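First up is the structure itself, then whatever we jot down about it.
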Amino acid sequence: MEQNLSTSPLVTVLMPVFNGGADLSLAIDSILNQTYTHFEFLMIDDGSTDQSAQLIVSYQDARIRFLQNPQNMGLVATLNRGIDEARGKYIARMDADDVSLPARLATQVALLESNAGDIGGSFFEVISKEGNYVRTLSAPLTMEGVVACLANTVPFAHGSVMMRTAFLQKHQLRYRQDADAEDFDLWVRIFEAGGKFVNSDQVLYQYRDYGSSLSKIKGGEMELSAKGLRRQFVARNLNRCQDALEFLLQRQSSLEYRDQLNLICLAFRVGSQSGKWGPYCKSLLQASPKAMAHSTYRIWRA
């Protein structure tokens with residue numbers, strides 16, 4: 001893709017690295033081979049004890065900025081350092097064991113530019129540790145869908161996100177050290193600060209389901225924290241949740257399966273907060289038996 005670098009927005013691709021291992025070179029190559037080329041690739045090594053740092057410095061590409069923490073500081077501190085160091089109009093997250101497909105940056109820049117978006121992700125593929133395809137997951141394409149997601153799950157894969165730097169600076173938004181579900185916590189605070197979410201319906205990212213990732217190691221702790229955050233989100237934003245619920249109920253029959261599940265769970269959470277159970281009953285009556293059973297299981301787990 002040809003770009004006018006004098007007018008094309010600079011993107012900071014932010015990738016924390018801690019013992020990146022065998023997948024690190026694939027992650028790096030997937031960024032360096034993007035069709036969109038006006039970016040800086042900010043990699044921050046967080047005290048790796050393997051050969052990650054040596055691998056990174058072996059790359060000869062002027063777009064790479066390589067920083068090293070003086071000691072292991074953890075993911076949140078490393079991400080916040082990256083936000084402070086970023087020079088780009090947008091910050092694109094990247095995880096060191098995942099893959100960005102070639103058109104990712106170009107597609108997300110165009111989407112945020114044309115829609116005045118503040119944050120966005122995309123549809124993404126889950127791949128196995130070995131890199132084999134597992135499944136495709138969608139992302140909500142309306143703000144109402146984002147509300148339903150935030151009440152129940154995350155609206156995109158963390159590594160697939162692109163954020164407007166000026167929005168983060170204006171609202172002094174950073175990852176919080178005391179939040180076990182640090183990504184979900186940030187998405188909620190971006191929403192509550194008035195952020196506009198715009199997701200791409202294209203598959204732009206591959207998330208590696210890798211057993212040693214932080215989300216796997218701390219999965220139970222993070223999920224417990226996220227459950228509390230979801231309930232708080234609905235309680236603090238009840239009016240917007242009710243508006244989103246009404247919008248989605250009118251379109252339930254045309255929603256994708258995952259969106260229908262989020263709708264039913266949103267209806268349950270709104271009912272729990274407001275005492276108005278009519279929308280929840282309506283969502284169940286319009287749901288397929290499979291969606292009804294699946295959403296009931298999700299509500300029970302929550």
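Following the order of the structure tokens, first chain is A, next is B, and so on, with residues numbered from 1 inside each chain and ligands from 1 in the order they appear.
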What's the 9 Å shell around Leu112 (chain A), counting only C-alpha atoms, without same-chain residues fewer than 4 positions away, as a CSV table (one decimal) with N, CA and C atoms, in the first residue's frame?
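Ended up saving to selection03.csv:
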chain,number,residue,atom,x,y,z
A,107,THR,N,-6.1,-1.2,7.8
A,107,THR,CA,-7.6,-1.3,8.0
A,107,THR,C,-8.0,-0.5,9.2
A,108,GLN,N,-7.2,-0.7,10.3
A,108,GLN,CA,-7.6,0.0,11.6
A,108,GLN,C,-7.4,1.5,11.5
A,116,ALA,N,-13.8,8.8,13.3
A,116,ALA,CA,-13.4,9.5,14.4
A,116,ALA,C,-13.4,8.6,15.7
A,117,GLY,N,-12.9,7.4,15.5
A,117,GLY,CA,-12.9,6.4,16.6
A,117,GLY,C,-11.8,6.7,17.6
A,118,ASP,N,-12.1,6.3,18.8
A,118,ASP,CA,-11.0,6.4,19.9
A,118,ASP,C,-10.4,5.1,20.2
A,119,ILE,N,-11.1,4.0,19.9
A,119,ILE,CA,-10.5,2.7,20.2
A,119,ILE,C,-11.2,1.7,19.3
A,120,GLY,N,-10.5,0.6,18.8
A,120,GLY,CA,-11.1,-0.4,18.0
A,120,GLY,C,-10.3,-1.6,17.9
A,162,MET,N,-6.4,-0.9,18.7
A,162,MET,CA,-5.7,0.3,18.3
A,162,MET,C,-6.5,1.4,19.0
A,163,MET,N,-5.7,2.4,19.7
A,163,MET,CA,-6.3,3.4,20.5
A,163,MET,C,-5.8,4.8,20.1
A,164,ARG,N,-6.6,5.8,20.2
A,164,ARG,CA,-6.2,7.2,19.9
A,164,ARG,C,-5.4,7.7,21.0
A,197,PHE,N,-16.1,3.4,20.2
A,197,PHE,CA,-15.5,2.1,19.8
A,197,PHE,C,-15.9,1.8,18.4
A,198,VAL,N,-14.9,1.5,17.6
A,198,VAL,CA,-15.2,1.1,16.2
A,198,VAL,C,-14.4,-0.1,15.8
A,199,ASN,N,-15.1,-1.2,15.6
A,199,ASN,CA,-14.4,-2.5,15.3
A,199,ASN,C,-14.5,-2.9,13.9
(request) Write out as a PyMOL selection string which residues come within 7 Å of Ser30 (chain A) when counting only C-alpha atoms, dropping same-chain ones fewer than 6 positions away. (result) chain A and resi 99-102
I need the residues from that last selection saved to file as a PDB file, in the first residue's frame (with C-alpha atoms), if you can.
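The new file result_25.pdb reads:
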ATOM      1  CA  VAL A  99       0.193 -12.612  14.781  1.00  0.00           C
ATOM      2  CA  SER A 100      -1.116  -9.468  13.082  1.00  0.00           C
ATOM      3  CA  LEU A 101      -2.359 -10.182   9.568  1.00  0.00           C
ATOM      4  CA  PRO A 102      -0.813  -7.985   6.831  1.00  0.00           C
TER       5      PRO A 102
END
Spatial neighbours of region 14-16 of chain A, 12 Å, only C-alpha atoms, chain gap at least 6 places, as a CSV table (one decimal) with N, CA and C atoms, in the first residue's frame:
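Written output follows (result_36.csv):
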chain,number,residue,atom,x,y,z
A,24,LEU,N,8.2,-15.3,19.2
A,24,LEU,CA,8.5,-13.9,19.1
A,24,LEU,C,8.9,-13.5,17.7
A,27,ALA,N,5.8,-12.9,15.6
A,27,ALA,CA,5.1,-11.7,16.0
A,27,ALA,C,5.8,-10.5,15.4
A,28,ILE,N,7.1,-10.4,15.5
A,28,ILE,CA,7.8,-9.3,15.0
A,28,ILE,C,7.7,-9.2,13.5
A,31,ILE,N,4.5,-7.7,12.1
A,31,ILE,CA,4.4,-6.3,12.1
A,31,ILE,C,5.2,-5.6,11.0
A,39,PHE,N,4.9,3.5,10.7
A,39,PHE,CA,4.7,3.2,12.1
A,39,PHE,C,6.1,3.1,12.8
A,40,GLU,N,6.1,3.2,14.1
A,40,GLU,CA,7.3,2.9,14.9
A,40,GLU,C,6.9,1.6,15.7
A,41,PHE,N,7.8,0.7,15.8
A,41,PHE,CA,7.6,-0.6,16.5
A,41,PHE,C,8.3,-0.5,17.8
A,42,LEU,N,7.5,-0.2,18.8
A,42,LEU,CA,8.1,0.0,20.2
A,42,LEU,C,8.0,-1.3,20.9
A,43,MET,N,9.2,-2.0,21.1
A,43,MET,CA,9.2,-3.2,21.8
A,43,MET,C,10.0,-2.9,23.1
A,44,ILE,N,9.3,-3.4,24.2
A,44,ILE,CA,9.9,-3.1,25.6
A,44,ILE,C,10.2,-4.5,26.2
A,45,ASP,N,11.4,-4.8,26.5
A,45,ASP,CA,11.8,-6.0,27.1
A,45,ASP,C,11.7,-5.8,28.6
A,46,ASP,N,10.9,-6.7,29.3
A,46,ASP,CA,10.6,-6.6,30.7
A,46,ASP,C,11.5,-7.6,31.5
A,47,GLY,N,12.8,-7.5,31.3
A,47,GLY,CA,13.6,-8.4,32.1
A,47,GLY,C,13.7,-9.8,31.7
A,48,SER,N,13.6,-10.1,30.4
A,48,SER,CA,13.6,-11.5,29.9
A,48,SER,C,14.9,-12.2,30.3
A,52,SER,N,15.3,-13.3,24.1
A,52,SER,CA,14.4,-12.3,23.5
A,52,SER,C,15.1,-11.0,23.1
A,53,ALA,N,15.9,-10.5,24.0
A,53,ALA,CA,16.5,-9.2,23.7
A,53,ALA,C,17.5,-9.3,22.5
A,56,ILE,N,15.6,-9.5,19.2
A,56,ILE,CA,15.1,-8.2,18.8
A,56,ILE,C,16.2,-7.3,18.2
A,64,ILE,N,12.1,0.1,14.3
A,64,ILE,CA,12.1,-0.5,15.6
A,64,ILE,C,12.7,0.5,16.6
A,65,ARG,N,12.0,0.6,17.7
A,65,ARG,CA,12.5,1.3,18.9
A,65,ARG,C,12.5,0.2,20.0
A,66,PHE,N,13.7,-0.1,20.6
A,66,PHE,CA,13.8,-1.1,21.5
A,66,PHE,C,14.2,-0.5,22.9
A,67,LEU,N,13.4,-0.7,23.9
A,67,LEU,CA,13.7,-0.3,25.2
A,67,LEU,C,13.7,-1.5,26.2
A,68,GLN,N,14.5,-1.3,27.3
A,68,GLN,CA,14.6,-2.4,28.2
A,68,GLN,C,14.3,-1.9,29.6
A,69,ASN,N,13.4,-2.5,30.4
A,69,ASN,CA,13.2,-2.2,31.7
A,69,ASN,C,14.4,-2.5,32.6
A,72,ASN,N,12.4,-6.7,35.9
A,72,ASN,CA,11.1,-7.1,35.6
A,72,ASN,C,10.1,-6.3,36.4
A,73,MET,N,9.2,-5.5,35.7
A,73,MET,CA,8.3,-4.6,36.3
A,73,MET,C,6.8,-5.1,36.1
A,74,GLY,N,6.6,-6.1,35.3
A,74,GLY,CA,5.2,-6.6,35.1
A,74,GLY,C,4.6,-6.0,33.9
A,75,LEU,N,3.5,-6.6,33.4
A,75,LEU,CA,2.8,-6.2,32.2
A,75,LEU,C,2.3,-4.8,32.3
A,76,VAL,N,1.6,-4.5,33.4
A,76,VAL,CA,0.9,-3.2,33.5
A,76,VAL,C,1.9,-2.0,33.5
A,77,ALA,N,3.0,-2.1,34.2
A,77,ALA,CA,4.0,-1.1,34.2
A,77,ALA,C,4.6,-0.9,32.9
A,78,THR,N,4.8,-2.1,32.2
A,78,THR,CA,5.5,-2.0,30.9
A,78,THR,C,4.5,-1.4,29.9
A,79,LEU,N,3.3,-1.7,29.9
A,79,LEU,CA,2.3,-1.1,29.0
A,79,LEU,C,2.2,0.4,29.2
A,80,ASN,N,2.2,0.8,30.5
A,80,ASN,CA,2.1,2.2,30.8
A,80,ASN,C,3.3,3.0,30.4
A,81,ARG,N,4.5,2.4,30.5
A,81,ARG,CA,5.7,3.0,30.0
A,81,ARG,C,5.6,3.2,28.5
A,82,GLY,N,5.0,2.2,27.8
A,82,GLY,CA,4.9,2.2,26.4
A,82,GLY,C,4.0,3.4,25.9
A,83,ILE,N,2.8,3.5,26.7
A,83,ILE,CA,1.9,4.6,26.4
A,83,ILE,C,2.6,6.0,26.5
A,84,ASP,N,3.4,6.1,27.6
A,84,ASP,CA,4.1,7.4,27.8
A,84,ASP,C,5.2,7.6,26.8
A,85,GLU,N,5.8,6.6,26.2
A,85,GLU,CA,6.9,6.7,25.2
A,85,GLU,C,6.3,6.9,23.8
A,86,ALA,N,5.1,6.5,23.6
A,86,ALA,CA,4.5,6.5,22.2
A,86,ALA,C,4.5,7.8,21.5
A,87,ARG,N,5.0,7.8,20.3
A,87,ARG,CA,5.0,9.0,19.5
A,87,ARG,C,3.9,9.1,18.5
A,88,GLY,N,3.1,8.0,18.3
A,88,GLY,CA,2.1,8.0,17.3
A,88,GLY,C,0.8,8.6,17.6
A,90,TYR,N,-1.8,7.1,16.9
A,90,TYR,CA,-2.5,5.9,17.4
A,90,TYR,C,-1.5,4.9,18.1
A,91,ILE,N,-2.0,4.2,19.0
A,91,ILE,CA,-1.2,3.1,19.7
A,91,ILE,C,-1.9,1.8,19.3
A,92,ALA,N,-1.2,0.9,18.6
A,92,ALA,CA,-1.7,-0.4,18.3
A,92,ALA,C,-1.0,-1.4,19.2
A,93,ARG,N,-1.8,-2.1,20.0
A,93,ARG,CA,-1.2,-3.2,20.8
A,93,ARG,C,-0.9,-4.4,20.0
A,94,MET,N,0.1,-5.1,20.6
A,94,MET,CA,0.6,-6.3,19.9
A,94,MET,C,1.1,-7.2,21.0
A,95,ASP,N,0.8,-8.5,21.0
A,95,ASP,CA,1.3,-9.4,22.0
A,95,ASP,C,2.4,-10.3,21.3
A,96,ALA,N,3.4,-10.6,22.1
A,96,ALA,CA,4.6,-11.2,21.6
A,96,ALA,C,4.5,-12.7,21.2
A,97,ASP,N,3.3,-13.3,21.4
A,97,ASP,CA,3.1,-14.6,20.9
A,97,ASP,C,1.9,-14.7,19.9
A,98,ASP,N,1.5,-13.6,19.4
A,98,ASP,CA,0.4,-13.5,18.5
A,98,ASP,C,0.8,-13.1,17.1
A,99,VAL,N,-0.1,-13.0,16.2
A,99,VAL,CA,0.2,-12.6,14.8
A,99,VAL,C,-0.8,-11.5,14.3
A,100,SER,N,-0.3,-10.5,13.8
A,100,SER,CA,-1.1,-9.5,13.1
A,100,SER,C,-1.1,-9.8,11.6
A,158,HIS,N,-7.2,-8.3,23.3
A,158,HIS,CA,-6.4,-7.2,23.8
A,158,HIS,C,-5.3,-6.8,22.8
A,159,GLY,N,-4.6,-7.8,22.3
A,159,GLY,CA,-3.6,-7.5,21.3
A,159,GLY,C,-4.0,-6.9,20.0
A,160,SER,N,-5.3,-7.0,19.7
A,160,SER,CA,-5.8,-6.5,18.4
A,160,SER,C,-6.2,-5.0,18.5
A,161,VAL,N,-6.1,-4.4,19.6
A,161,VAL,CA,-6.6,-3.0,19.8
A,161,VAL,C,-5.7,-2.0,19.2
A,162,MET,N,-6.4,-0.9,18.7
A,162,MET,CA,-5.7,0.3,18.3
A,162,MET,C,-6.5,1.4,19.0
A,163,MET,N,-5.7,2.4,19.7
A,163,MET,CA,-6.3,3.4,20.5
A,163,MET,C,-5.8,4.8,20.1
A,165,THR,N,-4.1,8.1,20.8
A,165,THR,CA,-3.3,8.5,21.9
A,165,THR,C,-3.8,9.8,22.6
(message) Give me, as a ChimeraX atom specification, all polymer residues having an atom no more than 10 Å from Phe247 (chain A), counting only C-alpha atoms and skipping those fewer than 6 positions away in the same chain.
(response) /A:144-145,241
(request) Run DSSP on the backbone of this structure and report the residues of region 62-238 of chain A it assigns to alpha helix (DSSP H), as a ChimeraX atom specification. (result) /A:75-85,104-115,143-150,165-170,182-192,214-217,219-236,238
(message) I'd like the neighbourhood of Ser272 (chain A) as an MDAnalysis selection string, where a residue qualifies if any of its atoms comes within 10 Å (using only C-alpha atoms), though same-chain residues fewer than 4 positions away should be ignored.
(response) chainID A and resid 231 234:235 266:268 276:277 280
For the selection you just gave me, I'd like the residues written to a file as an mmCIF file, in the first residue's frame, keeping N, CA and C atoms.
data_model
loop_
_atom_site.group_PDB
_atom_site.id
_atom_site.type_symbol
_atom_site.label_atom_id
_atom_site.label_comp_id
_atom_site.auth_asym_id
_atom_site.auth_seq_id
_atom_site.Cartn_x
_atom_site.Cartn_y
_atom_site.Cartn_z
ATOM 1 N N ARG A 231 -20.544 -6.229 36.817
ATOM 2 C CA ARG A 231 -21.709 -5.820 37.611
ATOM 3 C C ARG A 231 -21.643 -4.325 37.910
ATOM 4 N N VAL A 234 -22.647 -2.213 34.785
ATOM 5 C CA VAL A 234 -24.084 -2.081 34.557
ATOM 6 C C VAL A 234 -24.702 -1.148 35.587
ATOM 7 N N ALA A 235 -24.302 -1.263 36.843
ATOM 8 C CA ALA A 235 -24.859 -0.403 37.891
ATOM 9 C C ALA A 235 -24.555 1.069 37.626
ATOM 10 N N LEU A 266 -27.088 -9.299 29.050
ATOM 11 C CA LEU A 266 -27.306 -7.894 29.371
ATOM 12 C C LEU A 266 -28.696 -7.698 29.968
ATOM 13 N N ALA A 267 -29.690 -8.335 29.374
ATOM 14 C CA ALA A 267 -31.062 -8.218 29.873
ATOM 15 C C ALA A 267 -31.165 -8.724 31.308
ATOM 16 N N PHE A 268 -30.450 -9.803 31.598
ATOM 17 C CA PHE A 268 -30.458 -10.334 32.960
ATOM 18 C C PHE A 268 -29.806 -9.346 33.928
ATOM 19 N N LYS A 276 -36.700 -4.709 36.693
ATOM 20 C CA LYS A 276 -37.602 -4.828 35.547
ATOM 21 C C LYS A 276 -37.183 -6.037 34.715
ATOM 22 N N TRP A 277 -37.982 -7.101 34.798
ATOM 23 C CA TRP A 277 -37.604 -8.372 34.183
ATOM 24 C C TRP A 277 -38.285 -8.633 32.838
ATOM 25 N N TYR A 280 -35.825 -9.170 29.908
ATOM 26 C CA TYR A 280 -35.132 -10.457 30.005
ATOM 27 C C TYR A 280 -36.047 -11.584 29.540
#
(request) May I have the residues within 9 Å of Ser283 (chain A) as an NGL selection string, using only C-alpha atoms and disregarding those fewer than 5 positions away in the same chain? (result) :A and (249 or 252 or 260 or 263-264 or 267 or 278 or 292)
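Relative to CA of Ala103 (chain A), CA of Asn33 (chain A) is found at 9.3 Å.
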DSSP on the backbone: which residues in region 57-107 of chain A end up as strand (DSSP E)? Give the answer as a compact mmCIF listing (two decimals) with N, CA and C atoms, in the first residue's frame.
# COMPACT_ATOMS: atom_id res chain seq x y z
N ILE A 64 12.07 0.14 14.27
CA ILE A 64 12.09 -0.49 15.59
C ILE A 64 12.69 0.46 16.63
N ARG A 65 11.98 0.63 17.75
CA ARG A 65 12.51 1.27 18.94
C ARG A 65 12.54 0.21 20.04
N PHE A 66 13.70 -0.07 20.55
CA PHE A 66 13.83 -1.12 21.55
C PHE A 66 14.23 -0.52 22.89
N LEU A 67 13.40 -0.74 23.89
CA LEU A 67 13.67 -0.28 25.25
C LEU A 67 13.73 -1.48 26.18
N GLN A 68 14.47 -1.35 27.25
CA GLN A 68 14.56 -2.42 28.24
C GLN A 68 14.29 -1.86 29.63
N TYR A 90 -1.83 7.06 16.94
CA TYR A 90 -2.54 5.88 17.43
C TYR A 90 -1.54 4.92 18.06
N ILE A 91 -2.01 4.17 19.04
CA ILE A 91 -1.23 3.11 19.65
C ILE A 91 -1.90 1.78 19.31
N ALA A 92 -1.17 0.92 18.62
CA ALA A 92 -1.67 -0.41 18.28
C ALA A 92 -1.00 -1.41 19.21
N ARG A 93 -1.80 -2.12 19.98
CA ARG A 93 -1.25 -3.15 20.85
C ARG A 93 -0.86 -4.39 20.05
N VAL A 99 -0.13 -12.98 16.17
CA VAL A 99 0.19 -12.61 14.78
C VAL A 99 -0.79 -11.55 14.31
N SER A 100 -0.28 -10.46 13.75
CA SER A 100 -1.12 -9.47 13.08
C SER A 100 -1.11 -9.77 11.59
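Our summary of the geometry notes that CA of Val203 (chain A) is positioned 11.4 Å from CA of Phe156 (chain A).
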(message) Report, in Å with one decimal, the straight-line distance from CA of Ala106 (chain A) to CA of Tyr36 (chain A).
(response) 5.0 Å
With a distance cut-off of 8 Å and only C-alpha atoms, select the neighbouring residues of Ser295 (chain A), excluding the residue or stretch itself and same-chain residues fewer than 6 positions from it, and output the selection as a compact mmCIF listing (two decimals) with C-alpha atoms, in the first residue's frame.
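Output below, filename out-v2.txt:
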# COMPACT_ATOMS: atom_id res chain seq x y z
CA LEU A 261 -25.89 -14.38 24.01
CA ASN A 262 -24.58 -10.98 25.08
CA ILE A 264 -29.68 -12.09 26.94
CA CYS A 265 -26.97 -11.68 29.57
